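Source file input29.tsv; content: TSV, C-alpha atoms.
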chain	number	residue	atom	x	y	z
A	1	MET	CA	31.31	6.76	-6.78
A	2	ASN	CA	34.38	5.57	-8.68
A	3	ASN	CA	37.77	7.25	-8.51
A	4	GLU	CA	37.57	8.74	-11.99
A	5	ASN	CA	34.26	10.49	-11.28
A	6	PHE	CA	35.66	11.74	-7.98
A	7	TYR	CA	38.64	13.46	-9.60
A	8	GLU	CA	36.58	14.85	-12.45
A	9	LYS	CA	34.16	16.29	-9.91
A	10	ALA	CA	37.08	17.84	-8.03
A	11	VAL	CA	38.10	19.59	-11.25
A	12	ARG	CA	34.56	20.86	-11.77
A	13	ASP	CA	34.46	22.17	-8.18
A	14	ILE	CA	37.72	24.01	-8.83
A	15	TYR	CA	36.34	25.54	-12.01
A	16	GLU	CA	33.22	26.76	-10.22
A	17	ALA	CA	35.32	28.19	-7.38
A	18	ILE	CA	37.52	30.08	-9.83
A	19	ALA	CA	34.48	32.18	-10.76
A	20	ARG	CA	34.21	33.24	-7.11
A	21	GLU	CA	37.92	33.89	-6.58
A	22	LYS	CA	38.61	37.53	-5.65
A	23	THR	CA	42.28	37.57	-4.64
A	24	VAL	CA	43.46	37.52	-8.26
A	25	LYS	CA	41.96	38.81	-11.49
A	26	THR	CA	40.77	36.00	-13.73
A	27	LEU	CA	41.46	36.76	-17.38
A	28	THR	CA	40.35	33.43	-18.85
A	29	ALA	CA	38.75	30.32	-17.37
A	30	ARG	CA	37.78	27.45	-19.63
A	31	HIS	CA	36.44	24.02	-18.74
A	32	LYS	CA	36.74	20.97	-21.01
A	33	GLU	CA	37.92	22.96	-24.01
A	34	SER	CA	40.65	22.82	-26.63
A	35	ILE	CA	43.49	25.28	-26.10
A	36	GLU	CA	45.79	26.40	-28.89
A	37	GLY	CA	49.48	26.17	-28.13
A	38	ARG	CA	52.46	27.25	-30.19
A	39	THR	CA	52.57	24.03	-32.19
A	40	SER	CA	49.34	22.10	-31.52
A	41	THR	CA	45.90	22.00	-29.91
A	42	HIS	CA	45.46	20.49	-26.45
A	43	GLU	CA	42.39	19.05	-24.73
A	44	ILE	CA	42.41	20.51	-21.23
A	45	ASP	CA	40.10	20.00	-18.25
A	46	ILE	CA	40.67	23.57	-17.01
A	47	PHE	CA	42.71	26.39	-18.47
A	48	TRP	CA	42.96	29.30	-16.04
A	49	GLU	CA	44.76	32.53	-16.84
A	50	PHE	CA	44.89	35.10	-14.06
A	51	ALA	CA	46.76	38.26	-13.13
A	52	ASP	CA	48.30	39.19	-9.81
A	53	GLU	CA	49.17	42.89	-10.02
A	54	ASP	CA	51.32	43.18	-13.17
A	55	ILE	CA	52.15	39.49	-13.56
A	56	THR	CA	50.05	37.06	-15.58
A	57	TYR	CA	50.02	33.35	-14.80
A	58	LYS	CA	48.53	30.41	-16.67
A	59	THR	CA	47.51	27.08	-15.16
A	60	VAL	CA	46.60	23.85	-16.91
A	61	ILE	CA	44.53	21.60	-14.63
A	62	GLN	CA	43.91	17.95	-15.46
A	63	ALA	CA	42.14	15.11	-13.62
A	64	ARG	CA	44.05	11.83	-13.53
A	65	GLU	CA	43.09	8.82	-11.44
A	66	THR	CA	46.70	7.64	-11.58
A	67	THR	CA	49.71	9.85	-12.27
A	68	THR	CA	52.54	8.12	-14.11
A	69	LEU	CA	55.70	9.36	-15.78
A	70	ALA	CA	53.84	9.17	-19.08
A	71	ALA	CA	51.12	11.46	-17.70
A	72	LEU	CA	53.78	13.91	-16.53
A	73	PHE	CA	55.48	13.91	-19.94
A	74	ALA	CA	52.11	14.68	-21.55
A	75	MET	CA	51.58	17.57	-19.14
A	76	VAL	CA	55.11	18.89	-19.75
A	77	ARG	CA	54.43	18.98	-23.49
A	78	ILE	CA	51.29	21.01	-22.89
A	79	ILE	CA	52.68	23.60	-20.48
A	80	ARG	CA	55.81	24.11	-22.60
A	81	ASP	CA	53.67	24.62	-25.68
A	82	ILE	CA	51.65	27.40	-24.04
A	83	PRO	CA	53.59	30.69	-23.93
A	84	GLY	CA	53.99	32.65	-20.72
A	85	GLN	CA	54.39	31.64	-17.08
A	86	THR	CA	52.51	28.36	-17.27
A	87	VAL	CA	52.24	25.70	-14.60
A	88	GLY	CA	50.47	22.34	-14.63
A	89	VAL	CA	48.18	20.92	-11.95
A	90	ILE	CA	47.18	17.26	-11.81
A	91	ILE	CA	44.29	16.28	-9.54
A	92	THR	CA	45.09	12.70	-8.65
A	93	GLN	CA	45.14	10.00	-6.02
A	94	PRO	CA	48.14	9.94	-3.66
A	95	VAL	CA	51.45	9.50	-5.47
A	96	TYR	CA	54.08	7.38	-3.75
A	97	GLN	CA	56.68	6.96	-6.53
A	98	LYS	CA	59.68	9.17	-5.80
A	99	ASP	CA	60.62	9.54	-9.47
A	100	VAL	CA	57.13	10.81	-10.30
A	101	LYS	CA	57.18	13.32	-7.45
A	102	ASP	CA	60.70	14.52	-8.32
A	103	MET	CA	59.88	15.00	-11.98
A	104	ALA	CA	56.65	16.85	-11.18
A	105	ALA	CA	58.50	19.24	-8.85
A	106	SER	CA	61.25	20.01	-11.36
A	107	ALA	CA	58.84	20.44	-14.26
A	108	GLY	CA	56.52	22.87	-12.51
A	109	ILE	CA	53.67	20.41	-12.14
A	110	ILE	CA	51.60	20.56	-8.97
A	111	LEU	CA	50.30	17.21	-7.77
A	112	TYR	CA	47.06	17.80	-5.89
A	113	GLU	CA	46.61	14.44	-4.16
A	114	LEU	CA	43.14	13.47	-2.95
A	115	ILE	CA	41.80	10.30	-1.35
A	116	PRO	CA	38.31	9.33	-2.56
A	117	PRO	CA	35.68	8.92	0.17
A	118	VAL	CA	34.80	5.41	1.28
A	119	THR	CA	31.10	6.13	1.12
A	120	GLN	CA	29.23	8.42	-1.22
A	121	ASP	CA	27.05	10.37	1.19
A	122	VAL	CA	28.15	11.37	4.68
A	123	VAL	CA	25.87	14.19	5.82
A	124	GLU	CA	26.93	16.53	8.59
A	125	GLN	CA	25.15	19.51	10.08
A	126	VAL	CA	26.63	22.99	10.29
A	127	VAL	CA	25.08	25.38	12.81
A	128	ASP	CA	25.72	29.11	12.58
A	129	ASN	CA	24.37	32.46	13.81
A	130	VAL	CA	23.19	31.07	17.15
A	131	ARG	CA	21.15	33.46	19.27
A	132	ILE	CA	19.78	32.46	22.67
A	133	ASN	CA	16.89	34.71	23.61
A	134	VAL	CA	16.18	35.21	27.29
A	135	ASP	CA	12.92	36.32	28.88
A	136	LYS	CA	13.96	39.91	29.61
A	137	ASP	CA	11.04	40.64	31.94
A	138	TRP	CA	11.79	37.49	33.95
A	139	VAL	CA	15.49	38.32	34.17
A	140	LYS	CA	14.74	41.92	35.22
A	141	ALA	CA	12.40	40.76	37.96
A	142	GLU	CA	14.90	38.14	39.17
A	143	LYS	CA	17.74	40.65	39.37
A	144	GLN	CA	15.55	43.03	41.32
A	145	ARG	CA	14.61	40.21	43.67
A	146	VAL	CA	18.25	39.49	44.56
A	147	GLY	CA	19.28	43.16	44.53
A	148	LEU	CA	21.47	43.21	41.41
A	149	GLY	CA	19.92	46.23	39.74
A	150	ASP	CA	21.43	46.69	36.28
A	151	GLU	CA	24.37	44.35	36.81
A	152	PRO	CA	24.66	42.02	33.80
A	153	VAL	CA	24.26	38.26	34.15
A	154	GLN	CA	26.77	36.46	31.97
A	155	VAL	CA	25.87	33.18	30.29
A	156	THR	CA	28.33	30.81	28.69
A	157	ASN	CA	30.38	31.98	25.71
A	158	GLN	CA	29.92	28.55	24.13
A	159	PRO	CA	26.11	28.19	24.03
A	160	LYS	CA	26.06	24.87	22.18
A	161	TYR	CA	27.75	23.23	25.18
A	162	ALA	CA	25.24	24.70	27.65
A	163	PHE	CA	22.55	22.62	29.37
A	164	LEU	CA	18.83	23.33	29.70
A	165	TYR	CA	16.81	22.78	32.88
A	166	ASP	CA	13.18	22.83	33.98
A	167	GLU	CA	11.69	24.87	36.84
A	168	GLN	CA	12.75	22.23	39.39
A	169	GLY	CA	16.37	22.37	38.19
A	170	ARG	CA	16.18	19.00	36.45
A	171	LEU	CA	18.32	18.54	33.35
A	172	LEU	CA	16.23	18.47	30.19
A	173	ASP	CA	18.64	18.70	27.28
A	174	SER	CA	21.55	20.66	25.91
A	175	VAL	CA	21.59	23.41	23.32
A	176	GLN	CA	23.53	21.03	21.08
A	177	GLY	CA	20.73	18.52	21.57
A	178	ILE	CA	18.30	21.07	20.15
A	179	PHE	CA	20.53	21.50	17.11
A	180	ASP	CA	20.83	17.74	16.64
A	181	SER	CA	17.07	17.18	16.86
A	182	TYR	CA	16.52	19.47	13.89
A	183	GLY	CA	19.40	17.99	11.93
A	184	LYS	CA	17.86	14.52	12.21
A	185	GLN	CA	14.55	15.78	10.85
A	186	ARG	CA	16.03	17.21	7.66
A	187	GLU	CA	15.82	15.28	4.40
A	188	LEU	CA	18.86	14.56	2.27
A	189	ALA	CA	17.21	16.63	-0.46
A	190	LEU	CA	17.90	19.70	1.70
A	191	VAL	CA	21.66	19.16	1.66
A	192	GLY	CA	23.34	22.45	0.78
A	193	ARG	CA	20.32	24.62	1.67
A	194	LYS	CA	20.60	26.78	4.77
A	195	GLN	CA	17.51	26.76	7.02
A	196	SER	CA	16.73	29.47	9.59
A	197	ILE	CA	15.31	27.84	12.71
A	198	VAL	CA	13.39	29.45	15.59
A	199	HIS	CA	13.00	26.94	18.40
A	200	THR	CA	10.45	27.91	21.06
A	201	PHE	CA	9.65	26.14	24.31
A	202	GLY	CA	6.22	24.85	25.33
A	203	ALA	CA	7.13	24.85	29.03
A	204	PRO	CA	9.51	27.07	31.03
A	205	VAL	CA	13.13	26.28	30.23
A	206	PHE	CA	16.21	27.71	31.91
A	207	LEU	CA	19.86	28.10	30.97
A	208	GLN	CA	22.64	27.93	33.54
A	209	THR	CA	24.72	31.09	34.06
A	210	ASN	CA	28.02	31.93	35.70
A	211	HIS	CA	26.39	34.18	38.30
A	212	GLU	CA	26.14	33.11	41.93
A	213	LEU	CA	22.92	35.05	42.69
A	214	VAL	CA	21.17	34.30	39.39
A	215	PRO	CA	22.33	30.77	38.53
A	216	PHE	CA	19.67	30.33	35.82
A	217	VAL	CA	17.90	32.56	33.30
A	218	LYS	CA	14.61	31.80	31.62
A	219	LEU	CA	14.64	31.41	27.84
A	220	THR	CA	12.03	32.29	25.26
A	221	SER	CA	13.62	30.77	22.15
A	222	ILE	CA	16.81	29.74	20.40
A	223	ASP	CA	17.44	31.00	16.88
A	224	PHE	CA	20.05	29.48	14.58
A	225	ASP	CA	20.88	28.67	10.99
A	226	LEU	CA	21.17	25.02	10.07
A	227	GLU	CA	22.76	23.63	6.95
A	228	LEU	CA	23.27	19.99	6.03
A	229	VAL	CA	26.45	19.44	4.08
A	230	ASN	CA	27.89	16.42	2.36
A	231	ALA	CA	31.13	15.75	4.23
A	232	ASN	CA	32.55	14.25	1.05
A	233	GLU	CA	31.99	17.42	-0.94
A	234	LEU	CA	35.29	18.97	-1.93
A	235	PRO	CA	35.76	22.61	-0.91
A	236	GLY	CA	36.48	24.28	-4.26
A	237	GLU	CA	37.66	27.51	-2.67
A	238	GLU	CA	40.25	25.68	-0.56
A	239	MET	CA	41.56	23.83	-3.60
A	240	VAL	CA	41.88	27.07	-5.56
A	241	GLU	CA	43.69	28.71	-2.63
A	242	TYR	CA	46.10	25.77	-2.50
A	243	ILE	CA	46.78	25.98	-6.24
A	244	LEU	CA	47.40	29.72	-6.09
A	245	ASP	CA	49.85	29.30	-3.23
A	246	LYS	CA	51.77	26.63	-5.15
A	247	VAL	CA	51.84	28.70	-8.34
A	248	PHE	CA	53.24	31.75	-6.54
A	249	ARG	CA	55.79	29.63	-4.71
A	250	PHE	CA	56.98	28.02	-7.95
A	251	PHE	CA	57.51	31.37	-9.63
A	252	GLY	CA	59.05	32.90	-6.52
A	253	GLY	CA	56.09	35.09	-5.67

Could I get this structure in the form of structure tokens?
Amino acid sequence: MNNENFYEKAVRDIYEAIAREKTVKTLTARHKESIEGRTSTHEIDIFWEFADEDITYKTVIQARETTTLAALFAMVRIIRDIPGQTVGVIITQPVYQKDVKDMAASAGIILYELIPPVTQDVVEQVVDNVRINVDKDWVKAEKQRVGLGDEPVQVTNQPKYAFLYDEQGRLLDSVQGIFDSYGKQRELALVGRKQSIVHTFGAPVFLQTNHELVPFVKLTSIDFDLELVNANELPGEEMVEYILDKVFRFFGG
């Protein structure tokens, strides 16, 4: 993945996230189109016009691998040629030149600085909606045996850090280990697709509790949602949120 493709992809992710943005009302969103200004036509990566209550804002978003003074001058010409409250956004690699940063700030140009990933694909697993299912009949019988009646038996509030044991109290695995075993089995082609997993046990398995009289409870299954995500994927919603915050700050909102 080269830098140019990385920044162009960031712009595309922003454009797709704009369609899902609910905090403001999008009036116009265009990607890779020509926009008519007062005096000329401009080729723009994204033109986004949105309303926040009674105020309308316009943003011009461009991808630039390197941001120079010349690139800023070009952006200034565009945003000054488009009527209304218009601000420019440049998606670029980190900018270290003070004169470039100072000019961008004074001209109403937001520098969204991103560092390209070193490798193209770094896959991570995201686990959600975890439900640990206990053997209710076993738990009821165990509580009756120790004289607890209906007193609840509390298990850990952080199930992924809990350990699993066999009938002899020997450590078998952790709940996180169960998650990891499924993550390793998933193909890269499934990246971005959420999978609902029901993990059952072939032999009796127990989870440690915080109760002195019932130190373990028997489990029947562990349910969870598993999604493989590319760690190098840019979160479009977060980028849009950042841009909105900067726009409102610039105009004193």

*For atom CA of Val198 of chain A and atom CA of Arg170 of chain A, the interatomic separation in Å (one decimal)*: 23.5 Å

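Straight-line separation from atom CA of Pro83 of chain A to atom CA of Gln62 of chain A: 18.1 Å.
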
*Find the residues near segment 70-78 of chain A: any atom within 12 Å, counting all atoms listed in the file, skip ones fewer than 5 places away on the same chain, and give them as number ranges by chain.*
A: 34-45, 47, 58-65, 83, 86-92, 99-111

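For the residues A:Gln195, A:Gly252, A:Tyr161, A:Ser181, ranking by smallest atom-to-atom distance to Leu207 of chain A using only C-alpha atoms places A:Tyr161 first.
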
*atom CA of Leu228 of chain A to atom CA of Gln208 of chain A: how many Å, to one decimal?*
28.6 Å

*Tell me which protein, DNA and RNA residues are within 10 Å of Ile55 of chain A, counting all atoms listed in the file, leaving out same-chain ones fewer than 3 positions away, and put them as a ChimeraX atom specification.*
/A:50-52,85,253

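The smallest atom-to-atom distance between Glu16 of chain A and any of A:Gly169, A:Val240, A:Leu219, A:Ala162, using all atoms listed in the file, is found for A:Val240.
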
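With distances restricted to all atoms listed in the file, A:Gln176 is the closest residue to Val130 of chain A from A:Val11, A:Gln176, A:Ala203, A:Arg20.
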
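Distances to Glu142 of chain A were evaluated for A:Tyr96, A:Phe216, A:Phe248, A:Phe163 using only C-alpha atoms, and the minimum falls at A:Phe216.
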
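Distance annotation: of A:Asp173, A:Asp223, A:Glu49, A:Asp166, the residue with the minimal separation from Asn129 of chain A is A:Asp223; atom set is all atoms listed in the file.
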
*Just the residues within 12 Å of Glu151 of chain A, please, counting all atoms listed in the file, with nothing from its chain fewer than 4 positions along; format it as a list in words.*
Val139, Lys140, Glu142, Lys143, Gln144, Val146, Gly147, His211, Leu213 and Val214 of chain A

_Nearest to Ile14 of chain A by atom-to-atom distance, counting all atoms listed in the file, from A:Arg80, A:Lys218, A:His199, A:His31_ = A:His31

_as an MDAnalysis selection string, please: the residues near Ser221 of chain A (cut-off 12 Å, all atoms listed in the file, same-chain neighbours under 4 positions excluded)._
chainID A and resid 130:136 164 175 178 197:207

How would segment 143-177 of chain A look with N, CA and C atoms restored, written as a PDB file, in the frame of the given file?
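Contents of selection27.pdb, as written:
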ATOM      1  N   LYS A 143      16.627  39.827  38.896  1.00  0.00           N
ATOM      2  CA  LYS A 143      17.740  40.650  39.370  1.00  0.00           C
ATOM      3  C   LYS A 143      17.286  41.626  40.450  1.00  0.00           C
ATOM      4  N   GLN A 144      16.084  42.149  40.289  1.00  0.00           N
ATOM      5  CA  GLN A 144      15.550  43.030  41.320  1.00  0.00           C
ATOM      6  C   GLN A 144      15.326  42.268  42.623  1.00  0.00           C
ATOM      7  N   ARG A 145      14.894  41.014  42.484  1.00  0.00           N
ATOM      8  CA  ARG A 145      14.610  40.210  43.670  1.00  0.00           C
ATOM      9  C   ARG A 145      15.862  39.956  44.506  1.00  0.00           C
ATOM     10  N   VAL A 146      17.005  39.785  43.828  1.00  0.00           N
ATOM     11  CA  VAL A 146      18.250  39.490  44.560  1.00  0.00           C
ATOM     12  C   VAL A 146      19.110  40.737  44.736  1.00  0.00           C
ATOM     13  N   GLY A 147      18.592  41.900  44.304  1.00  0.00           N
ATOM     14  CA  GLY A 147      19.280  43.160  44.530  1.00  0.00           C
ATOM     15  C   GLY A 147      20.444  43.432  43.606  1.00  0.00           C
ATOM     16  N   LEU A 148      20.371  42.972  42.355  1.00  0.00           N
ATOM     17  CA  LEU A 148      21.470  43.210  41.410  1.00  0.00           C
ATOM     18  C   LEU A 148      21.323  44.511  40.631  1.00  0.00           C
ATOM     19  N   GLY A 149      20.118  45.012  40.521  1.00  0.00           N
ATOM     20  CA  GLY A 149      19.920  46.230  39.740  1.00  0.00           C
ATOM     21  C   GLY A 149      20.208  45.990  38.262  1.00  0.00           C
ATOM     22  N   ASP A 150      21.103  46.808  37.705  1.00  0.00           N
ATOM     23  CA  ASP A 150      21.430  46.690  36.280  1.00  0.00           C
ATOM     24  C   ASP A 150      22.665  45.829  36.004  1.00  0.00           C
ATOM     25  N   GLU A 151      23.175  45.178  37.016  1.00  0.00           N
ATOM     26  CA  GLU A 151      24.370  44.350  36.810  1.00  0.00           C
ATOM     27  C   GLU A 151      24.076  43.219  35.813  1.00  0.00           C
ATOM     28  N   PRO A 152      24.919  43.055  34.803  1.00  0.00           N
ATOM     29  CA  PRO A 152      24.660  42.020  33.800  1.00  0.00           C
ATOM     30  C   PRO A 152      24.860  40.618  34.365  1.00  0.00           C
ATOM     31  N   VAL A 153      24.129  39.671  33.793  1.00  0.00           N
ATOM     32  CA  VAL A 153      24.260  38.260  34.150  1.00  0.00           C
ATOM     33  C   VAL A 153      24.840  37.542  32.945  1.00  0.00           C
ATOM     34  N   GLN A 154      26.059  37.061  33.090  1.00  0.00           N
ATOM     35  CA  GLN A 154      26.770  36.460  31.970  1.00  0.00           C
ATOM     36  C   GLN A 154      26.423  34.984  31.821  1.00  0.00           C
ATOM     37  N   VAL A 155      26.067  34.595  30.585  1.00  0.00           N
ATOM     38  CA  VAL A 155      25.870  33.180  30.290  1.00  0.00           C
ATOM     39  C   VAL A 155      27.115  32.676  29.572  1.00  0.00           C
ATOM     40  N   THR A 156      27.154  31.409  29.285  1.00  0.00           N
ATOM     41  CA  THR A 156      28.330  30.810  28.690  1.00  0.00           C
ATOM     42  C   THR A 156      28.659  31.416  27.328  1.00  0.00           C
ATOM     43  N   ASN A 157      29.945  31.495  27.019  1.00  0.00           N
ATOM     44  CA  ASN A 157      30.380  31.980  25.710  1.00  0.00           C
ATOM     45  C   ASN A 157      30.282  30.899  24.639  1.00  0.00           C
ATOM     46  N   GLN A 158      30.066  29.663  25.060  1.00  0.00           N
ATOM     47  CA  GLN A 158      29.920  28.550  24.130  1.00  0.00           C
ATOM     48  C   GLN A 158      28.525  27.951  24.308  1.00  0.00           C
ATOM     49  N   PRO A 159      27.494  28.603  23.739  1.00  0.00           N
ATOM     50  CA  PRO A 159      26.110  28.190  24.030  1.00  0.00           C
ATOM     51  C   PRO A 159      25.790  26.755  23.636  1.00  0.00           C
ATOM     52  N   LYS A 160      26.438  26.228  22.607  1.00  0.00           N
ATOM     53  CA  LYS A 160      26.060  24.870  22.180  1.00  0.00           C
ATOM     54  C   LYS A 160      26.430  23.825  23.222  1.00  0.00           C
ATOM     55  N   TYR A 161      27.370  24.170  24.124  1.00  0.00           N
ATOM     56  CA  TYR A 161      27.750  23.230  25.180  1.00  0.00           C
ATOM     57  C   TYR A 161      26.953  23.451  26.464  1.00  0.00           C
ATOM     58  N   ALA A 162      26.013  24.384  26.454  1.00  0.00           N
ATOM     59  CA  ALA A 162      25.240  24.700  27.650  1.00  0.00           C
ATOM     60  C   ALA A 162      24.087  23.702  27.810  1.00  0.00           C
ATOM     61  N   PHE A 163      23.639  23.539  29.062  1.00  0.00           N
ATOM     62  CA  PHE A 163      22.550  22.620  29.370  1.00  0.00           C
ATOM     63  C   PHE A 163      21.279  23.393  29.703  1.00  0.00           C
ATOM     64  N   LEU A 164      20.148  22.728  29.468  1.00  0.00           N
ATOM     65  CA  LEU A 164      18.830  23.330  29.700  1.00  0.00           C
ATOM     66  C   LEU A 164      18.145  22.584  30.837  1.00  0.00           C
ATOM     67  N   TYR A 165      17.430  23.349  31.686  1.00  0.00           N
ATOM     68  CA  TYR A 165      16.810  22.780  32.880  1.00  0.00           C
ATOM     69  C   TYR A 165      15.346  23.212  32.966  1.00  0.00           C
ATOM     70  N   ASP A 166      14.559  22.436  33.742  1.00  0.00           N
ATOM     71  CA  ASP A 166      13.180  22.830  33.980  1.00  0.00           C
ATOM     72  C   ASP A 166      13.095  23.668  35.248  1.00  0.00           C
ATOM     73  N   GLU A 167      11.881  23.997  35.671  1.00  0.00           N
ATOM     74  CA  GLU A 167      11.690  24.870  36.840  1.00  0.00           C
ATOM     75  C   GLU A 167      12.199  24.248  38.136  1.00  0.00           C
ATOM     76  N   GLN A 168      12.267  22.916  38.191  1.00  0.00           N
ATOM     77  CA  GLN A 168      12.750  22.230  39.390  1.00  0.00           C
ATOM     78  C   GLN A 168      14.261  21.995  39.342  1.00  0.00           C
ATOM     79  N   GLY A 169      14.937  22.532  38.309  1.00  0.00           N
ATOM     80  CA  GLY A 169      16.370  22.370  38.190  1.00  0.00           C
ATOM     81  C   GLY A 169      16.793  21.026  37.636  1.00  0.00           C
ATOM     82  N   ARG A 170      15.858  20.295  37.034  1.00  0.00           N
ATOM     83  CA  ARG A 170      16.180  19.000  36.450  1.00  0.00           C
ATOM     84  C   ARG A 170      16.681  19.185  35.019  1.00  0.00           C
ATOM     85  N   LEU A 171      17.718  18.446  34.688  1.00  0.00           N
ATOM     86  CA  LEU A 171      18.320  18.540  33.350  1.00  0.00           C
ATOM     87  C   LEU A 171      17.350  18.037  32.297  1.00  0.00           C
ATOM     88  N   LEU A 172      17.121  18.838  31.286  1.00  0.00           N
ATOM     89  CA  LEU A 172      16.230  18.470  30.190  1.00  0.00           C
ATOM     90  C   LEU A 172      16.990  18.072  28.928  1.00  0.00           C
ATOM     91  N   ASP A 173      17.949  18.901  28.560  1.00  0.00           N
ATOM     92  CA  ASP A 173      18.640  18.700  27.280  1.00  0.00           C
ATOM     93  C   ASP A 173      19.837  19.647  27.256  1.00  0.00           C
ATOM     94  N   SER A 174      20.498  19.673  26.140  1.00  0.00           N
ATOM     95  CA  SER A 174      21.550  20.660  25.910  1.00  0.00           C
ATOM     96  C   SER A 174      21.176  21.474  24.683  1.00  0.00           C
ATOM     97  N   VAL A 175      21.838  22.612  24.524  1.00  0.00           N
ATOM     98  CA  VAL A 175      21.590  23.410  23.320  1.00  0.00           C
ATOM     99  C   VAL A 175      22.009  22.613  22.082  1.00  0.00           C
ATOM    100  N   GLN A 176      23.099  21.879  22.192  1.00  0.00           N
ATOM    101  CA  GLN A 176      23.530  21.030  21.080  1.00  0.00           C
ATOM    102  C   GLN A 176      22.469  19.986  20.763  1.00  0.00           C
ATOM    103  N   GLY A 177      21.808  19.484  21.791  1.00  0.00           N
ATOM    104  CA  GLY A 177      20.730  18.520  21.570  1.00  0.00           C
ATOM    105  C   GLY A 177      19.602  19.104  20.743  1.00  0.00           C
TER     106      GLY A 177
END
